[in-house]
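*Asks:* Before anything else, here's the structure in question.
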Amino acid sequence: MVRIVPFAVEQWMDEYETWAKYNIAETCSASISIDDLRSLSDDPSRDPLSTSTKLTYGAIRGSQTLRSHIARLYAPPTGDDSSTTVSAENVLITPGAIQANFLLLYTLIQPGDHVVCHYPTYQQLYSVPESLGADVSLWKTSGEDGWKLDLEELKAMVRPSTKMIIVNNPQNPTGAFISQEVLAGIIDIARQSSIYVLCDEVYRPLFHSLDKTEWPPSLLSLGYDRSIVTGSMSKVFSLAGIRLGWIASLHRSIIEDCAAARDYTTISVSQVDDRIATFALDPLHAGKLLDRNLQLAKRNLGILKGFIDAHRDTCDWVVPRAGTTAFIRFSRDGRPVDDVALCQMLQDSKGVMLVPGRRCFGEEFKGYVRIGYVAETEVLETGLRELGEFLKAEYASVPLI
Ligand SMILES: Cc1ncc(COP(=O)(O)O)c(C=O)c1O
């Protein structure tokens with residue numbers, strides 16, 4: 001039987017989010033409704049819902065239009081003919097990126113394989129390969145050096161049995177990003193031994209603090225045929241409630257193999273979800289939604305910066321450059337506070353929800369908490385105000401580690 005360790009961050013979210021008054025732990029850009037989605041269109045005859053469509057299973061791999069819209073997200077910038085083109089056939093729809101990651105790993109990883117995984121990151125990316133019998137090496141980054149990945153370290157980690165390198169760009173929980181140069185370096189190393197590279201890109205392209213010229217491309221744009229990306233409607237497009245994600249790869253046989261495994265768990269993704277996602281990713285709407293979330297992220301990050309600057313005596317951070325999350329370290333008298341106790345006491349006292357780093361991202365992240373700052377601005381402001389009150393009145397009683 002497969003042994004799998006508990007998925008700490010998902011369990012924490014499940015336990016705390018239903019009763020949080022101010023949820024500033026969420027990783028999605030503030031969610032939108034069907035009405036909000038409708039308002040993106042200038043044409044009232046276009047609707048994300050169709051009440052007359054018969055609810056069959058629909059297209060098994062996801063509708064052609066949806067997959068074409070997704071393929072377009074990987075189109076090279078105009079004028080760049082060097083990148084490989086992604087088409088609808090390179091895309092497989094899944095119920096969320098969580099399923100996309102699982103399915104891809106289930107399809108490609110076998111007992112005895114060696115896997116290298118970016119760290120800290122979303123636990124699924126290392127715990128699932130481990131549960132499948134892989135030997136996983138964590139490619140660690142640290143806040144001390146700005147969460148940078150070191151390519152020399154990666155080179156030294158690769159073994160003859162290395163099957164896959166897994167990265168996350170932009171990154172949860174740190175809000176760091178991997179530059180084009182480092183992505184290219186990863187591919188150079190992978191290419192030498194035909195290693196698969198999986199990049200979880202659910203937060204791409206929320207590069208809110210980078211000049212557009214610095215935006216790294218998708219891993220797929222670098223043209224290595226053993227690269228695979230996963231993405232979803234949850235974070236960038238504010239539609240976590242439709243549970244729709246995807247796997248995309250230049251390597252058609254990877255998509256075929258994943259589709260064959262997927263037949264056992266997912267006949268098709270809900271037609272209703274497919275239609276809503278198709279509407280949101282229509283070129284007439286997707287840019288508007290992305291702009292809304294880039295603006296929201298910029299505005300809210302400014303508010304969060306103001307908070308951190310005013311509380312330098314208790315916390316510090318590496319300013320996030322992309323994505324929706326920041327990893328903040330709390331300390332007192334030069335020692336990390338117990339982040340689990342901090343989150344529990346804060347939510348009990350003020351109803352503000354955060355995620356403890358040590359519990360959800362690894363033992364070494366003592367004193368760290370993850371904040372999801374691309375919430376509704378008002379929720380972030382009130383949540384931070386309440387957190388400030390808590391720090392004034394109760395921080396002294398949070399235990400140290
Ligand atoms: C890095 C990463 N990948 C995948 C997921 C799953 O997202 P979803 O299944 O909502 O698409 C998450 C959710 O937090 C995430 O942070």
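Naming scheme: A, B, ... for chains in displayed order of the structure tokens; residues 1 onward per chain; ligands 1 onward as shown.
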Residues of stretch 25-140 of chain A classed as strand (DSSP E or B) by DSSP on the backbone are to be reported as a PDB file with C-alpha atoms, in the first residue's frame.

*Replies:*
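Output file states17.pdb follows:
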ATOM      1  CA  VAL A  91      -2.606  20.310 -22.939  1.00  0.00           C
ATOM      2  CA  LEU A  92      -4.596  18.015 -20.637  1.00  0.00           C
ATOM      3  CA  ILE A  93      -7.299  19.429 -18.339  1.00  0.00           C
ATOM      4  CA  THR A  94      -7.463  18.251 -14.716  1.00  0.00           C
ATOM      5  CA  HIS A 114      15.728   9.900  -7.772  1.00  0.00           C
ATOM      6  CA  VAL A 115      13.917  13.243  -7.752  1.00  0.00           C
ATOM      7  CA  VAL A 116      15.297  16.686  -6.922  1.00  0.00           C
ATOM      8  CA  CYS A 117      12.775  19.191  -5.580  1.00  0.00           C
ATOM      9  CA  HIS A 118      12.995  22.948  -4.965  1.00  0.00           C
ATOM     10  CA  TYR A 119      12.532  23.739  -1.247  1.00  0.00           C
ATOM     11  CA  ASP A 135      14.374   8.985  -3.267  1.00  0.00           C
ATOM     12  CA  VAL A 136      13.837  12.745  -3.026  1.00  0.00           C
ATOM     13  CA  SER A 137      16.647  15.275  -2.515  1.00  0.00           C
ATOM     14  CA  LEU A 138      15.569  18.746  -1.460  1.00  0.00           C
ATOM     15  CA  TRP A 139      17.242  21.569  -3.361  1.00  0.00           C
ATOM     16  CA  LYS A 140      17.215  23.993  -0.470  1.00  0.00           C
TER      17      LYS A 140
END

*Asks:* Could you please extract the residues within 9 Å of ligand 1, counting only C-alpha atoms and all ligand atoms, and hand them back as a ChimeraX atom specification?

*Replies:* /A:9-10,26-28,94-101,121-125,168-173,200-203,230-235,239-246

*Asks:* At a cut-off of 10 Å, using only C-alpha atoms, what residues contact A:Ser218? Leave out same-chain residues fewer than 5 positions from it and give the result as a PyMOL selection string.

*Replies:* chain A and resi 73-76+169+180+183+199-201+204-205+223+228-229

*Asks:* The selected residues should be written to file as a CSV table (one decimal), in the first residue's frame (atoms: N, CA, C and O atoms).

*Replies:*
chain,number,residue,atom,x,y,z
A,73,LEU,N,-1.4,30.7,-23.7
A,73,LEU,CA,-0.7,31.3,-22.6
A,73,LEU,C,0.8,31.0,-22.7
A,73,LEU,O,1.6,31.7,-22.0
A,74,TYR,N,1.2,30.0,-23.5
A,74,TYR,CA,2.6,29.7,-23.7
A,74,TYR,C,3.1,30.2,-25.0
A,74,TYR,O,4.2,29.8,-25.4
A,75,ALA,N,2.4,31.0,-25.7
A,75,ALA,CA,2.9,31.5,-27.0
A,75,ALA,C,4.1,32.4,-26.7
A,75,ALA,O,4.1,33.2,-25.7
A,76,PRO,N,5.1,32.3,-27.6
A,76,PRO,CA,6.3,33.1,-27.4
A,76,PRO,C,5.9,34.6,-27.7
A,76,PRO,O,5.0,34.9,-28.4
A,169,ASN,N,7.6,28.1,-9.9
A,169,ASN,CA,7.9,29.5,-10.3
A,169,ASN,C,6.7,30.2,-10.8
A,169,ASN,O,6.1,29.8,-11.8
A,180,GLN,N,15.1,33.7,-16.0
A,180,GLN,CA,15.2,33.0,-17.2
A,180,GLN,C,16.6,32.3,-17.2
A,180,GLN,O,16.7,31.2,-17.7
A,183,LEU,N,16.5,29.2,-15.1
A,183,LEU,CA,15.7,28.2,-15.7
A,183,LEU,C,16.5,27.5,-16.9
A,183,LEU,O,16.5,26.3,-17.0
A,199,CYS,N,7.8,22.2,-13.8
A,199,CYS,CA,7.7,23.5,-13.2
A,199,CYS,C,6.2,23.7,-12.9
A,199,CYS,O,5.4,23.8,-13.8
A,200,ASP,N,6.0,23.8,-11.6
A,200,ASP,CA,4.6,24.2,-11.2
A,200,ASP,C,4.5,25.7,-11.3
A,200,ASP,O,5.2,26.5,-10.6
A,201,GLU,N,3.6,26.1,-12.3
A,201,GLU,CA,3.5,27.5,-12.6
A,201,GLU,C,2.2,28.1,-12.3
A,201,GLU,O,1.7,29.0,-13.0
A,204,ARG,N,2.2,31.8,-12.1
A,204,ARG,CA,2.7,32.5,-13.3
A,204,ARG,C,1.5,33.1,-14.1
A,204,ARG,O,0.5,32.3,-14.3
A,205,PRO,N,1.5,34.3,-14.6
A,205,PRO,CA,2.6,35.3,-14.6
A,205,PRO,C,2.3,36.4,-13.6
A,205,PRO,O,2.4,37.6,-14.0
A,223,GLY,N,12.0,25.4,-24.8
A,223,GLY,CA,12.1,24.4,-25.9
A,223,GLY,C,12.7,23.0,-25.6
A,223,GLY,O,13.0,22.3,-26.5
A,228,ILE,N,7.8,19.9,-18.5
A,228,ILE,CA,6.3,19.8,-18.2
A,228,ILE,C,5.9,21.0,-17.3
A,228,ILE,O,6.7,21.3,-16.4
A,229,VAL,N,4.8,21.6,-17.5
A,229,VAL,CA,4.3,22.6,-16.6
A,229,VAL,C,2.9,22.3,-16.1
A,229,VAL,O,2.2,21.6,-16.9

*Asks:* Report, in Å to a single decimal, how far apart atom CA of A:Leu104 and atom CA of A:Ser193 are.

*Replies:*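 Computing it gives 19.7 Å between the two atoms.
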
*Asks:* Atom CA of A:His311 and atom CA of A:Leu354 are how many Å apart?

*Replies:*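 Computed distance, atom CA of A:His311 to atom CA of A:Leu354, equals 16.6 Å.
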
*Asks:* Kindly provide the residues of stretch 329-369 of chain A that approach stretch 376-389 of chain A to within 12 Å, each paired with its closest atom pair and their distance in Å to one decimal, based on only C-alpha atoms, listed by chain and increasing number, as a tab-separated table.

*Replies:*
residue	atom	partner	partner_atom	distance
A:Leu342	CA	A:Leu387	CA	10.5
A:Cys343	CA	A:Leu387	CA	10.2
A:Met345	CA	A:Leu387	CA	10.7
A:Leu346	CA	A:Leu387	CA	7.2
A:Gln347	CA	A:Leu387	CA	9.4
A:Asp348	CA	A:Leu387	CA	11.8
A:Ser349	CA	A:Glu386	CA	9.3
A:Lys350	CA	A:Glu386	CA	6.2
A:Gly351	CA	A:Gly383	CA	8.4
A:Val352	CA	A:Gly383	CA	5.8
A:Met353	CA	A:Gly383	CA	8.2
A:Leu354	CA	A:Gly383	CA	9.8

*Asks:* Report as a list in words all protein, DNA and RNA residues lying within 12 Å of A:Leu296, evaluated on only C-alpha atoms, omitting residues in the same chain fewer than 6 positions from it.

*Replies:*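 The contact residues come out as Cys28, Ser29, Ala30, Ser31, Leu206, His208, Ser209, Val236, Ser238, Leu289, Leu290, Gly302, Ile303, Gly323, Thr324, Tyr373, Val374, Ala375, Glu376, Thr377, Glu378 and Leu380 of chain A.
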
*Asks:* My list of candidates is A:Arg329, A:Arg38, A:Arg335, A:Arg72. Which is closest to A:Tyr368 when distances are computed with only C-alpha atoms?

*Replies:* A:Arg329

*Asks:* Could you check how far atom CA of A:Phe327 sits from atom CA of A:Trp147, in Å to one decimal?

*Replies:*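 Pair atom CA of A:Phe327 / atom CA of A:Trp147 returns 10.4 Å.
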
*Asks:* Where does stretch 32-52 of chain A meet stretch 260-283 of chain A within 7 Å, residue by residue, with the nearest atom pair and distance in Å to one decimal for each, counting only C-alpha atoms, listed by chain and rising number, as a Markdown table?

*Replies:*
| residue | atom | partner | partner_atom | distance |
| --- | --- | --- | --- | --- |
| A:Leu37 | CA | A:Ala280 | CA | 6.9 |
| A:Pro48 | CA | A:Ile276 | CA | 4.9 |
| A:Leu49 | CA | A:Ile276 | CA | 6.6 |

*Asks:* Report as a count of residues only all protein, DNA and RNA residues lying within 12 Å of A:Val337, evaluated on only C-alpha atoms, omitting residues in the same chain fewer than 4 positions from it.

*Replies:* 26
